[in-house]
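One file, my_file-v8.cif, is given below (mmCIF, C-alpha atoms).
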```cif
data_query
#
loop_
_atom_site.label_atom_id
_atom_site.label_comp_id
_atom_site.auth_asym_id
_atom_site.auth_seq_id
_atom_site.Cartn_x
_atom_site.Cartn_y
_atom_site.Cartn_z
CA MET A 30 -75.91 -41.99 -34.52
CA LYS A 31 -73.24 -39.30 -34.64
CA TYR A 32 -72.66 -36.64 -32.02
CA LEU A 33 -70.26 -33.74 -31.86
CA ILE A 34 -68.73 -33.10 -28.47
CA LEU A 35 -67.78 -29.43 -28.27
CA LEU A 36 -65.19 -28.57 -25.66
CA TYR A 37 -65.48 -25.20 -23.97
CA ALA A 38 -63.32 -23.57 -21.30
CA ALA A 39 -62.06 -20.20 -20.24
CA PRO A 40 -58.60 -19.81 -21.82
CA ASP A 41 -56.98 -19.12 -18.44
CA ALA A 42 -58.63 -22.13 -16.77
CA ARG A 43 -56.32 -24.67 -18.36
CA PRO A 44 -53.14 -25.77 -16.60
CA VAL A 45 -50.15 -23.60 -17.47
CA PRO A 46 -48.00 -25.24 -20.16
CA GLY A 47 -44.71 -26.60 -18.86
CA THR A 48 -46.07 -27.49 -15.43
CA PRO A 49 -46.56 -31.06 -14.17
CA GLU A 50 -50.30 -30.38 -14.15
CA SER A 51 -50.16 -29.58 -17.85
CA ALA A 52 -48.22 -32.78 -18.57
CA ALA A 53 -50.76 -34.81 -16.61
CA GLU A 54 -53.59 -33.16 -18.52
CA HIS A 55 -51.97 -33.93 -21.84
CA GLN A 56 -51.69 -37.56 -20.76
CA ALA A 57 -55.38 -37.55 -19.78
CA TRP A 58 -56.39 -36.34 -23.26
CA MET A 59 -54.21 -39.01 -24.85
CA THR A 60 -55.82 -41.72 -22.76
CA TYR A 61 -59.30 -40.35 -23.45
CA THR A 62 -58.71 -40.31 -27.21
CA MET A 63 -57.17 -43.78 -27.22
CA ASP A 64 -60.12 -45.13 -25.22
CA MET A 65 -62.50 -43.72 -27.83
CA ILE A 66 -60.53 -45.26 -30.67
CA GLN A 67 -60.34 -48.62 -28.91
CA ALA A 68 -64.08 -48.56 -28.23
CA GLY A 69 -64.64 -47.98 -31.94
CA VAL A 70 -66.64 -44.79 -31.43
CA HIS A 71 -64.03 -42.20 -32.50
CA ARG A 72 -64.79 -40.58 -35.87
CA GLY A 73 -62.65 -37.48 -35.56
CA GLY A 74 -61.46 -34.77 -33.25
CA ASP A 75 -59.03 -31.89 -32.99
CA ALA A 76 -57.86 -29.18 -30.68
CA LEU A 77 -58.14 -25.60 -31.90
CA HIS A 78 -55.74 -22.70 -31.57
CA GLY A 79 -56.99 -19.92 -29.32
CA ILE A 80 -59.60 -17.30 -30.21
CA GLU A 81 -56.83 -14.74 -30.80
CA THR A 82 -56.19 -16.67 -34.04
CA ALA A 83 -59.86 -16.64 -35.15
CA THR A 84 -61.26 -14.71 -38.09
CA THR A 85 -65.01 -14.37 -38.61
CA ILE A 86 -66.46 -13.80 -42.04
CA ARG A 87 -69.96 -12.82 -43.15
CA GLU A 88 -71.70 -11.16 -46.08
CA VAL A 89 -72.51 -7.53 -45.44
CA GLY A 90 -74.31 -5.50 -48.11
CA GLY A 91 -73.50 -8.01 -50.84
CA SER A 92 -69.81 -8.30 -50.13
CA LEU A 93 -67.82 -10.37 -47.72
CA ALA A 94 -66.46 -8.76 -44.62
CA SER A 95 -64.04 -10.37 -42.26
CA THR A 96 -63.34 -9.36 -38.70
CA ASP A 97 -60.62 -10.32 -36.30
CA GLY A 98 -61.81 -12.54 -33.47
CA PRO A 99 -64.40 -15.21 -32.72
CA PHE A 100 -68.09 -15.11 -33.66
CA ALA A 101 -69.16 -14.58 -30.08
CA GLU A 102 -67.18 -12.98 -27.27
CA THR A 103 -67.73 -15.31 -24.36
CA LYS A 104 -65.74 -16.16 -21.27
CA GLU A 105 -65.65 -19.84 -22.15
CA THR A 106 -64.54 -20.45 -25.71
CA LEU A 107 -64.55 -23.40 -28.08
CA GLY A 108 -61.21 -25.16 -27.75
CA GLY A 109 -61.73 -28.40 -29.61
CA TYR A 110 -64.15 -31.13 -30.55
CA TYR A 111 -64.65 -34.85 -30.92
CA LEU A 112 -66.92 -36.57 -33.39
CA ILE A 113 -68.26 -39.87 -32.09
CA ASP A 114 -70.63 -42.55 -33.35
CA VAL A 115 -72.63 -44.21 -30.56
CA PRO A 116 -76.12 -45.75 -30.19
CA ASP A 117 -77.85 -43.08 -28.11
CA LEU A 118 -77.60 -39.90 -26.06
CA ASP A 119 -76.79 -41.70 -22.81
CA THR A 120 -73.68 -43.22 -24.38
CA ALA A 121 -72.71 -39.86 -25.90
CA LEU A 122 -73.14 -38.15 -22.53
CA GLU A 123 -71.04 -40.81 -20.86
CA TRP A 124 -68.17 -40.15 -23.28
CA ALA A 125 -68.56 -36.39 -22.94
CA GLY A 126 -68.47 -36.71 -19.16
CA ARG A 127 -65.10 -38.44 -19.37
CA ALA A 128 -63.48 -35.53 -21.24
CA PRO A 129 -60.78 -33.99 -19.01
CA ILE A 130 -62.21 -30.54 -19.76
CA VAL A 131 -65.31 -31.04 -17.60
CA LYS A 132 -63.13 -30.42 -14.50
CA TYR A 133 -62.50 -26.77 -15.47
CA GLY A 134 -64.80 -26.15 -18.45
CA ALA A 135 -67.70 -27.91 -20.11
CA ALA A 136 -68.54 -30.31 -22.91
CA GLU A 137 -71.58 -29.69 -25.10
CA VAL A 138 -73.12 -32.64 -26.92
CA ARG A 139 -74.90 -32.02 -30.23
CA PRO A 140 -76.46 -34.65 -32.47
CA LEU A 141 -75.53 -34.41 -36.17
CA MET A 142 -78.27 -33.81 -38.70
CA VAL A 143 -78.57 -36.28 -41.52
CA PHE A 144 -79.70 -35.20 -44.98
CA ASP A 145 -80.66 -37.60 -47.72
CA ASP A 146 -79.34 -35.34 -50.49
CA ILE A 147 -76.23 -33.86 -48.92
CA PRO A 148 -73.25 -36.16 -48.70
CA SER A 149 -71.64 -36.19 -45.29
CA THR A 150 -67.96 -36.79 -44.78
CA ALA A 151 -68.37 -36.90 -41.03
CA GLY A 152 -66.50 -40.03 -40.11
CA ALA A 153 -67.86 -41.91 -43.11
CA MET B 27 -124.68 -44.10 -20.69
CA ASN B 28 -121.66 -42.96 -22.58
CA PRO B 29 -122.49 -43.20 -26.28
CA ASP B 30 -118.84 -43.18 -27.33
CA PRO B 31 -117.01 -46.38 -26.38
CA VAL B 32 -113.78 -45.14 -27.95
CA ALA B 33 -113.56 -42.11 -25.65
CA GLN B 34 -114.05 -44.33 -22.61
CA ILE B 35 -111.39 -46.79 -23.66
CA PHE B 36 -109.05 -44.02 -24.75
CA ALA B 37 -108.38 -42.76 -21.23
CA GLU B 38 -107.50 -46.21 -19.96
CA GLU B 39 -105.62 -47.64 -22.90
CA TRP B 40 -103.71 -44.66 -24.32
CA PRO B 41 -100.83 -44.57 -21.79
CA ARG B 42 -100.29 -48.33 -21.93
CA LEU B 43 -100.46 -48.37 -25.71
CA VAL B 44 -97.88 -45.60 -26.03
CA ALA B 45 -95.57 -47.29 -23.51
CA VAL B 46 -95.51 -50.59 -25.40
CA LEU B 47 -95.15 -48.85 -28.78
CA VAL B 48 -92.22 -46.74 -27.59
CA ARG B 49 -90.51 -49.94 -26.57
CA ASP B 50 -91.30 -51.51 -29.97
CA LEU B 51 -90.29 -48.53 -32.06
CA GLY B 52 -87.69 -46.83 -29.90
CA ASP B 53 -89.23 -43.53 -30.95
CA LEU B 54 -91.77 -41.48 -29.03
CA ALA B 55 -93.08 -39.52 -32.02
CA LEU B 56 -93.63 -42.65 -34.12
CA ALA B 57 -95.27 -44.39 -31.17
CA GLU B 58 -97.68 -41.53 -30.67
CA ASP B 59 -98.56 -41.38 -34.36
CA ALA B 60 -99.23 -45.11 -34.44
CA ALA B 61 -101.38 -44.94 -31.29
CA GLN B 62 -103.33 -42.05 -32.78
CA ASP B 63 -103.87 -43.94 -36.05
CA ALA B 64 -105.14 -46.95 -34.12
CA PHE B 65 -107.69 -44.82 -32.27
CA VAL B 66 -108.82 -43.19 -35.51
CA GLU B 67 -109.37 -46.68 -36.89
CA ALA B 68 -111.22 -47.66 -33.72
CA ALA B 69 -113.46 -44.60 -33.95
CA ARG B 70 -114.37 -45.63 -37.48
CA ARG B 71 -115.06 -49.27 -36.73
CA TRP B 72 -116.41 -49.41 -33.22
CA GLY B 73 -119.92 -48.44 -32.39
CA PRO B 74 -122.16 -48.97 -29.40
CA GLY B 75 -122.17 -52.71 -28.77
CA SER B 76 -119.47 -53.49 -31.32
CA THR B 77 -116.38 -53.01 -29.20
CA PRO B 78 -113.89 -55.89 -29.38
CA ASP B 79 -113.54 -58.15 -26.31
CA ARG B 80 -110.03 -56.99 -25.61
CA PRO B 81 -109.84 -53.44 -26.92
CA GLY B 82 -106.29 -52.93 -25.64
CA ALA B 83 -104.99 -55.88 -27.62
CA TRP B 84 -106.97 -54.83 -30.69
CA LEU B 85 -105.49 -51.33 -30.48
CA LEU B 86 -101.96 -52.65 -30.03
CA THR B 87 -102.21 -54.92 -33.07
CA THR B 88 -103.71 -52.14 -35.17
CA ALA B 89 -101.12 -49.61 -34.02
CA ARG B 90 -98.25 -51.98 -34.84
CA ARG B 91 -99.64 -52.54 -38.34
CA LYS B 92 -100.08 -48.79 -38.82
CA ALA B 93 -96.50 -48.17 -37.70
CA LEU B 94 -95.21 -50.82 -40.05
CA ASP B 95 -97.17 -49.33 -42.96
CA GLY B 96 -95.91 -45.88 -42.08
CA LEU B 97 -92.28 -46.95 -41.94
CA ARG B 98 -92.63 -48.77 -45.26
CA ARG B 99 -94.26 -45.75 -46.87
CA GLN B 100 -91.46 -43.49 -45.71
CA ARG B 101 -88.97 -46.08 -46.92
CA ARG B 102 -87.38 -46.00 -43.54
CA PHE B 103 -85.85 -49.39 -43.87
CA ASP B 104 -83.81 -49.10 -40.76
CA GLU B 105 -83.29 -51.43 -37.84
CA ARG B 106 -86.82 -50.79 -36.55
CA LEU B 107 -88.60 -52.46 -39.42
CA PRO B 108 -87.49 -56.07 -38.91
CA ARG B 109 -87.92 -55.71 -35.14
CA LEU B 110 -91.48 -54.54 -35.55
CA ALA B 111 -92.31 -57.01 -38.29
CA ALA B 112 -91.14 -59.84 -36.06
CA GLN B 113 -93.80 -58.90 -33.53
CA LEU B 114 -96.61 -59.22 -36.02
CA SER B 115 -97.85 -62.57 -37.11
CA PRO B 116 -96.80 -63.37 -40.69
CA GLU B 117 -100.37 -64.12 -41.74
CA PRO B 118 -102.39 -61.52 -39.94
CA ALA B 119 -105.75 -63.09 -39.31
CA VAL B 120 -108.60 -60.65 -39.02
CA ASP B 121 -109.27 -61.58 -35.41
CA HIS B 122 -105.66 -61.98 -34.39
CA VAL B 123 -104.63 -59.60 -31.64
CA ASP B 124 -101.40 -59.04 -29.76
CA GLU B 125 -101.47 -59.25 -26.02
CA ALA B 126 -98.85 -57.34 -24.06
CA ASP B 127 -97.93 -59.45 -21.06
CA PRO B 128 -98.19 -57.58 -17.76
CA ARG B 129 -94.51 -57.84 -16.89
CA GLN B 130 -93.48 -56.46 -20.28
CA LEU B 131 -96.08 -53.76 -19.97
CA GLY B 132 -94.63 -52.75 -16.61
CA ASP B 133 -91.11 -52.58 -17.99
CA ALA B 134 -92.34 -50.56 -20.96
CA GLN B 135 -94.11 -48.08 -18.67
CA LEU B 136 -91.05 -47.78 -16.46
CA ALA B 137 -88.85 -47.14 -19.52
CA LEU B 138 -91.30 -44.47 -20.65
CA VAL B 139 -91.13 -42.73 -17.25
CA PHE B 140 -87.33 -42.72 -17.27
CA GLY B 141 -87.30 -41.42 -20.86
CA CYS B 142 -89.74 -38.58 -20.13
CA CYS B 143 -87.68 -37.66 -17.05
CA HIS B 144 -84.33 -37.83 -18.83
CA PRO B 145 -81.90 -35.32 -17.27
CA SER B 146 -81.07 -33.91 -20.71
CA LEU B 147 -84.59 -32.41 -20.78
CA ALA B 148 -85.55 -29.24 -18.91
CA PRO B 149 -87.52 -29.89 -15.70
CA ASP B 150 -90.70 -28.22 -17.00
CA ALA B 151 -90.46 -30.38 -20.13
CA GLN B 152 -89.98 -33.51 -17.99
CA VAL B 153 -93.16 -32.73 -16.08
CA ALA B 154 -95.15 -32.00 -19.25
CA LEU B 155 -93.89 -35.13 -21.07
CA THR B 156 -94.64 -37.36 -18.09
CA LEU B 157 -98.19 -36.06 -17.69
CA ARG B 158 -98.77 -36.32 -21.44
CA HIS B 159 -97.26 -39.71 -22.20
CA VAL B 160 -97.27 -41.65 -18.94
CA CYS B 161 -100.49 -40.31 -17.43
CA GLY B 162 -102.20 -39.68 -20.78
CA LEU B 163 -103.38 -36.14 -20.02
CA SER B 164 -104.15 -33.95 -23.02
CA THR B 165 -102.03 -30.93 -23.84
CA ALA B 166 -105.00 -28.74 -22.91
CA GLN B 167 -105.33 -30.42 -19.50
CA ILE B 168 -101.63 -30.01 -18.74
CA ALA B 169 -101.74 -26.38 -19.86
CA ARG B 170 -104.71 -25.75 -17.54
CA ALA B 171 -102.98 -27.50 -14.66
CA PHE B 172 -99.89 -25.32 -14.96
CA LEU B 173 -101.77 -22.14 -15.88
CA VAL B 174 -100.09 -21.52 -19.19
CA PRO B 175 -101.82 -20.99 -22.55
CA GLU B 176 -102.36 -24.24 -24.44
CA ALA B 177 -100.18 -22.96 -27.31
CA THR B 178 -97.30 -22.43 -24.87
CA MET B 179 -97.62 -25.96 -23.49
CA ALA B 180 -97.91 -27.40 -27.02
CA LYS B 181 -94.73 -25.57 -28.01
CA ARG B 182 -92.92 -26.88 -24.92
CA LEU B 183 -93.94 -30.45 -25.75
CA VAL B 184 -93.01 -30.11 -29.42
CA ARG B 185 -89.59 -28.70 -28.53
CA ALA B 186 -88.93 -31.50 -26.06
CA LYS B 187 -90.08 -34.18 -28.50
CA HIS B 188 -87.84 -32.74 -31.21
CA LYS B 189 -84.86 -33.04 -28.89
CA ILE B 190 -85.84 -36.59 -27.97
CA THR B 191 -85.91 -37.59 -31.63
CA ALA B 192 -82.92 -35.57 -32.88
CA ALA B 193 -80.59 -36.41 -30.01
CA ARG B 194 -81.95 -39.94 -29.58
CA VAL B 195 -82.81 -39.69 -25.92
CA PRO B 196 -83.09 -43.33 -24.87
CA PHE B 197 -86.37 -44.69 -23.52
CA SER B 198 -85.03 -47.48 -21.39
CA VAL B 199 -84.64 -48.39 -17.75
CA PRO B 200 -81.15 -47.20 -16.77
CA GLU B 201 -78.47 -49.66 -15.71
CA PRO B 202 -78.38 -50.25 -11.94
CA GLU B 203 -75.26 -48.11 -11.46
CA HIS B 204 -77.03 -45.06 -12.92
CA ARG B 205 -80.45 -45.81 -11.55
CA ARG B 206 -80.16 -43.86 -8.31
CA ASP B 207 -79.36 -40.57 -10.08
CA ARG B 208 -81.97 -41.12 -12.72
CA LEU B 209 -84.57 -42.05 -10.13
CA ASP B 210 -83.94 -38.71 -8.41
CA ALA B 211 -85.11 -36.95 -11.59
CA VAL B 212 -88.27 -39.08 -11.72
CA LEU B 213 -89.02 -38.40 -8.05
CA GLY B 214 -88.42 -34.71 -8.69
CA VAL B 215 -91.12 -34.77 -11.37
CA ILE B 216 -93.56 -36.66 -9.14
CA TYR B 217 -92.87 -34.18 -6.35
CA LEU B 218 -93.46 -31.20 -8.68
CA VAL B 219 -96.74 -32.64 -9.94
CA PHE B 220 -97.91 -33.36 -6.40
CA THR B 221 -96.85 -29.96 -5.04
CA GLU B 222 -98.62 -28.21 -7.89
CA GLY B 223 -101.77 -30.14 -7.02
CA HIS B 224 -101.39 -29.81 -3.24
CA THR B 225 -100.96 -26.05 -3.20
CA ALA B 226 -102.08 -24.92 -6.59
CA SER B 227 -100.35 -21.80 -7.85
CA ASP B 228 -103.77 -20.80 -9.11
CA SER B 229 -104.83 -18.62 -6.17
CA ALA B 230 -108.54 -19.21 -6.85
CA ARG B 231 -108.27 -22.82 -5.77
CA LEU B 232 -106.05 -24.14 -3.02
CA ILE B 233 -106.00 -27.77 -4.07
CA ARG B 234 -106.04 -29.39 -7.47
CA GLY B 235 -106.89 -32.94 -6.69
CA ASP B 236 -106.44 -34.28 -10.20
CA LEU B 237 -102.72 -33.51 -10.09
CA CYS B 238 -102.41 -35.12 -6.64
CA ASP B 239 -104.09 -38.21 -8.09
CA GLU B 240 -101.65 -38.33 -11.01
CA ALA B 241 -98.65 -37.90 -8.70
CA ARG B 242 -99.83 -40.67 -6.40
CA TRP B 243 -100.54 -42.93 -9.37
CA LEU B 244 -97.01 -42.29 -10.68
CA ALA B 245 -95.54 -42.96 -7.23
CA SER B 246 -97.46 -46.22 -6.97
CA LEU B 247 -96.27 -47.20 -10.45
CA MET B 248 -92.65 -46.67 -9.39
CA THR B 249 -93.25 -48.50 -6.12
CA ALA B 250 -94.80 -51.46 -7.90
CA LEU B 251 -92.26 -51.71 -10.69
CA LEU B 252 -88.89 -50.95 -9.17
CA PRO B 253 -87.28 -53.63 -7.01
CA THR B 254 -85.63 -51.05 -4.79
CA ASN B 255 -87.70 -48.00 -4.61
CA PRO B 256 -88.59 -44.97 -2.60
CA ARG B 257 -91.56 -46.25 -0.63
CA SER B 258 -91.03 -43.61 2.01
CA GLY B 259 -91.64 -40.90 -0.60
CA SER B 260 -94.78 -42.66 -1.73
CA ALA B 261 -95.88 -42.89 1.92
CA LEU B 262 -95.34 -39.15 2.36
CA LEU B 263 -97.61 -38.41 -0.60
CA ALA B 264 -100.27 -40.72 0.85
CA PHE B 265 -100.15 -39.13 4.33
CA THR B 266 -100.24 -35.61 2.94
CA ASP B 267 -102.98 -36.35 0.46
CA ALA B 268 -105.13 -38.07 3.11
CA ARG B 269 -106.00 -34.59 4.40
CA ARG B 270 -107.09 -33.32 0.98
CA ALA B 271 -110.83 -33.09 1.71
CA THR B 272 -110.29 -31.13 4.92
CA ARG B 273 -107.60 -28.66 3.90
CA ALA B 274 -109.94 -26.08 2.42
CA ASP B 275 -113.39 -24.87 3.48
CA ASP B 276 -116.43 -24.43 1.24
CA HIS B 277 -115.03 -21.11 0.02
CA GLY B 278 -111.71 -22.69 -0.90
CA ASP B 279 -109.90 -21.01 2.00
CA LEU B 280 -107.12 -22.76 3.89
CA VAL B 281 -108.08 -24.67 7.05
CA LEU B 282 -105.18 -25.03 9.48
CA LEU B 283 -104.16 -28.47 10.66
CA GLU B 284 -105.54 -28.07 14.19
CA ASP B 285 -108.91 -26.93 12.85
CA GLN B 286 -109.31 -29.78 10.35
CA ASP B 287 -112.04 -32.39 10.83
CA ARG B 288 -109.87 -35.44 11.37
CA SER B 289 -112.79 -37.84 10.96
CA ARG B 290 -112.83 -36.85 7.30
CA TRP B 291 -109.20 -37.73 6.68
CA ASP B 292 -108.80 -40.50 4.12
CA ARG B 293 -108.31 -43.60 6.27
CA ALA B 294 -107.32 -45.79 3.30
CA ALA B 295 -104.57 -43.38 2.25
CA ILE B 296 -103.21 -43.26 5.82
CA ASP B 297 -103.19 -47.07 6.04
CA LEU B 298 -101.41 -47.27 2.71
CA GLY B 299 -98.82 -44.77 3.92
CA HIS B 300 -98.24 -46.84 7.07
CA ARG B 301 -97.85 -50.06 5.10
CA GLN B 302 -95.35 -48.45 2.77
CA LEU B 303 -93.35 -46.92 5.59
CA GLU B 304 -93.22 -50.27 7.35
CA ARG B 305 -92.00 -51.98 4.23
CA ALA B 306 -89.48 -49.21 3.58
CA SER B 307 -87.98 -49.69 7.04
CA ILE B 308 -87.80 -53.45 6.56
CA GLU B 309 -86.06 -52.95 3.22
CA GLN B 310 -83.64 -50.51 4.76
CA ARG B 311 -82.64 -53.15 7.31
CA THR B 312 -82.51 -56.03 4.85
CA GLY B 313 -80.41 -54.17 2.39
CA PRO B 314 -81.69 -52.22 -0.57
CA THR B 315 -78.44 -50.33 0.04
CA ASN B 316 -76.74 -53.48 -1.18
CA PRO B 317 -76.31 -52.72 -4.87
CA GLY B 318 -76.59 -56.42 -5.72
CA CYS B 319 -80.21 -56.25 -4.64
CA ASP B 320 -81.08 -54.21 -7.69
CA ARG B 321 -80.36 -57.15 -9.91
CA ARG B 322 -82.06 -59.71 -7.71
CA ARG B 323 -85.71 -58.89 -7.49
CA SER B 324 -86.21 -61.87 -5.24
CA CYS B 325 -84.25 -60.28 -2.40
CA LEU B 326 -87.35 -58.45 -1.31
CA GLY B 327 -89.22 -61.70 -0.97
CA PRO B 328 -92.69 -62.60 -2.10
CA GLY B 329 -94.18 -59.44 -0.58
CA LEU B 330 -93.10 -57.40 -3.58
CA GLU B 331 -96.18 -56.09 -5.29
#
```

I need this file expressed as structure tokens, please.
Amino acid sequence: MKYLILLYAAPDARPVPGTPESAAEHQAWMTYTMDMIQAGVHRGGDALHGIETATTIREVGGSLASTDGPFAETKETLGGYYLIDVPDLDTALEWAGRAPIVKYGAAEVRPLMVFDDIPSTAGA
Amino acid sequence: MNPDPVAQIFAEEWPRLVAVLVRDLGDLALAEDAAQDAFVEAARRWGPGSTPDRPGAWLLTTARRKALDGLRRQRRFDERLPRLAAQLSPEPAVDHVDEADPRQLGDAQLALVFGCCHPSLAPDAQVALTLRHVCGLSTAQIARAFLVPEATMAKRLVRAKHKITAARVPFSVPEPEHRRDRLDAVLGVIYLVFTEGHTASDSARLIRGDLCDEARWLASLMTALLPTNPRSGSALLAFTDARRATRADDHGDLVLLEDQDRSRWDRAAIDLGHRQLERASIEQRTGPTNPGCDRRRSCLGPGLE
């Protein structure tokens, strides 16, 4: 059963880069990721550049229109994700709860849909 | 005389049947479908005087076969199929029936309670799921109890069940190290059900005894099944509920404590409360705080019900 762990935080809530706190946080993410890999549950994951780099695109009146910025303007923004494969929600929540971000942001857990006729590349 | 034996048996057997099937199938929706199919079959076959000796076992066997057929039809050849098939006899004799042993039944019911009260579900959904699946109340009854239209309650249940299936909310008894937190959620649900019954938000009636009964039944289930458990909470429900008959007058108006007719308090409920408090205080001294106790049922001695 695959789950996406979506990592949200206010951009200014993270430790300032270059500080010891930031170095410690980086180490915590490394450990977290390595633990996932060693447990055999890691199927993917990345950190995202900030929302100032986002472009949102949609069809308006038959043609595509793109706008600068994220889909939704919220205080806490999506900063990264992990894709994991675990037996049930309790296990997924346990992994999500170990993400360093929960100290200053939040982790949202979403189960992946499975379609018979659409091939999935998610951690196949 | 009740002309419909199925309806009579339904009330008693439905919650147990669902509990065991959820354990078998690991899926609440499938379990409910199978239980429903079994009762449809029962309604067709049973008539006055032609009820099987052990209707519960008959229903369980029938429901397991229905579930197996259903999974095969849907070609859902996943891990559930062999597990379920293993529980059915290879040569199903017509009169063969499965008996759920009481200990397994208890564990299955406990797992069902913890699943319905999973913290990933909204509190109002936890309450509705518990009343529906553990207590066996109908959607209409739950809707009436909480004064919402039946369609609203049905929607709430459907939404919760979709999340349970899609996100694979586990229906199992949590590991000892998580049990305390998870138990808090269960107790919260019992408390909500009891409070709703004790001082009904429906202003026309002060007390809704049926909900108090369900809450006390749930509390007694937890008390009986969990090796370390909140007997003091169960005692509180018993003491409070003992005054049920005297708390409102003939017009449904509140009667204050000092004006209540104490001779009409429920003596049996008070005695039960006392017994549970006594046992709770013994357990507190002898160490339910010791986490090792959770794994050793015997530490409470032979008095464990």

Checklist entry - Between B:Gln62, B:Gln167, B:Ser76, B:Ser198, which one has atoms that come closest to chain A, using all atoms listed in the file? => result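 For chain A, the nearest of the given residues is B:Ser198.
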
Item to check | Residues within 9 Å of (-62.7, -17.7, -38.5), file coords, all atoms listed in the file, listed as an MDAnalysis selection string | outcome: chainID A and resid 80 82:86 95:100

Next on the checklist: Within 12 Å of (-68.4, -46.3, -34.1) (file coordinates; all atoms listed in the file), which protein or nucleic acid residues are there? I'd like them as a ChimeraX atom specification.
Outcome noted: /A:30-32,65-73,112-117,120-121,151-153

Mind dumping the selected residues with C-alpha atoms as a PDB file, in the coordinates of the input?
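Output saved as selection-v1.pdb:
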```
ATOM      1  CA  MET A  30     -75.910 -41.990 -34.520  1.00  0.00           C
ATOM      2  CA  LYS A  31     -73.240 -39.300 -34.640  1.00  0.00           C
ATOM      3  CA  TYR A  32     -72.660 -36.640 -32.020  1.00  0.00           C
ATOM      4  CA  MET A  65     -62.500 -43.720 -27.830  1.00  0.00           C
ATOM      5  CA  ILE A  66     -60.530 -45.260 -30.670  1.00  0.00           C
ATOM      6  CA  GLN A  67     -60.340 -48.620 -28.910  1.00  0.00           C
ATOM      7  CA  ALA A  68     -64.080 -48.560 -28.230  1.00  0.00           C
ATOM      8  CA  GLY A  69     -64.640 -47.980 -31.940  1.00  0.00           C
ATOM      9  CA  VAL A  70     -66.640 -44.790 -31.430  1.00  0.00           C
ATOM     10  CA  HIS A  71     -64.030 -42.200 -32.500  1.00  0.00           C
ATOM     11  CA  ARG A  72     -64.790 -40.580 -35.870  1.00  0.00           C
ATOM     12  CA  GLY A  73     -62.650 -37.480 -35.560  1.00  0.00           C
ATOM     13  CA  LEU A 112     -66.920 -36.570 -33.390  1.00  0.00           C
ATOM     14  CA  ILE A 113     -68.260 -39.870 -32.090  1.00  0.00           C
ATOM     15  CA  ASP A 114     -70.630 -42.550 -33.350  1.00  0.00           C
ATOM     16  CA  VAL A 115     -72.630 -44.210 -30.560  1.00  0.00           C
ATOM     17  CA  PRO A 116     -76.120 -45.750 -30.190  1.00  0.00           C
ATOM     18  CA  ASP A 117     -77.850 -43.080 -28.110  1.00  0.00           C
ATOM     19  CA  THR A 120     -73.680 -43.220 -24.380  1.00  0.00           C
ATOM     20  CA  ALA A 121     -72.710 -39.860 -25.900  1.00  0.00           C
ATOM     21  CA  ALA A 151     -68.370 -36.900 -41.030  1.00  0.00           C
ATOM     22  CA  GLY A 152     -66.500 -40.030 -40.110  1.00  0.00           C
ATOM     23  CA  ALA A 153     -67.860 -41.910 -43.110  1.00  0.00           C
TER      24      ALA A 153
END
```

Item to check | Nearest-residue call for chain B, choices A:Leu118, A:Ala135, A:Val89, A:Met59, using only C-alpha atoms | outcome: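 Once distances to chain B are computed over only C-alpha atoms, the minimum belongs to A:Leu118.
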
Next on the checklist: As an exercise, work out the distance from CA of Gln286 (chain B) to CA of Ala171 (chain B) in Å and give it to one decimal place.
Outcome noted: 25.9 Å

Next on the checklist: I'd like to know which of A:Ala128, A:Ala52, A:Ala57, A:Ile147 is closest to Tyr111 (chain A), using only C-alpha atoms.
Outcome noted: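 Closest to Tyr111 (chain A), using only C-alpha atoms: A:Ala128.
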
Item to check | Output check: residues returned by the PyMOL selection byres ((chain B and resi 205-213) around 10), as a PyMOL selection string | outcome: chain B and resi 139-145+149+152-153+156+199-204+214-219+241+244-245+248+252+254-256+259-260+320

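Evaluating the PyMOL selection byres ((chain B) within 8 of (chain A)) against the shown model yields Ala192, Ala193, Arg194, Val195 and Pro196 of chain B.
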
Taking the file above as input, evaluate the PyMOL selection byres ((chain B and resi 178-190) around 8) and report the hits as a CSV table (one decimal) with C-alpha atoms, in the frame of the given file.
```csv
chain,number,residue,atom,x,y,z
B,54,LEU,CA,-91.8,-41.5,-29.0
B,55,ALA,CA,-93.1,-39.5,-32.0
B,147,LEU,CA,-84.6,-32.4,-20.8
B,151,ALA,CA,-90.5,-30.4,-20.1
B,154,ALA,CA,-95.2,-32.0,-19.2
B,155,LEU,CA,-93.9,-35.1,-21.1
B,165,THR,CA,-102.0,-30.9,-23.8
B,166,ALA,CA,-105.0,-28.7,-22.9
B,168,ILE,CA,-101.6,-30.0,-18.7
B,169,ALA,CA,-101.7,-26.4,-19.9
B,174,VAL,CA,-100.1,-21.5,-19.2
B,175,PRO,CA,-101.8,-21.0,-22.6
B,176,GLU,CA,-102.4,-24.2,-24.4
B,177,ALA,CA,-100.2,-23.0,-27.3
B,191,THR,CA,-85.9,-37.6,-31.6
B,192,ALA,CA,-82.9,-35.6,-32.9
B,193,ALA,CA,-80.6,-36.4,-30.0
B,194,ARG,CA,-82.0,-39.9,-29.6
B,195,VAL,CA,-82.8,-39.7,-25.9
B,196,PRO,CA,-83.1,-43.3,-24.9
```

Next on the checklist: Would you compute the distance between CA of Tyr61 (chain A) and CA of Arg127 (chain A)? Give it in Å to one decimal.
Outcome noted: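 So the answer is 7.3 Å.
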
Next on the checklist: Using only C-alpha atoms, can you tell me which of A:Ala38, A:Pro49, A:Trp58, A:Leu33 comes closest to Lys104 (chain A)?
Outcome noted: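 Checking each of A:Ala38, A:Pro49, A:Trp58, A:Leu33 against Lys104 (chain A), counting only C-alpha atoms, the winner is A:Ala38.
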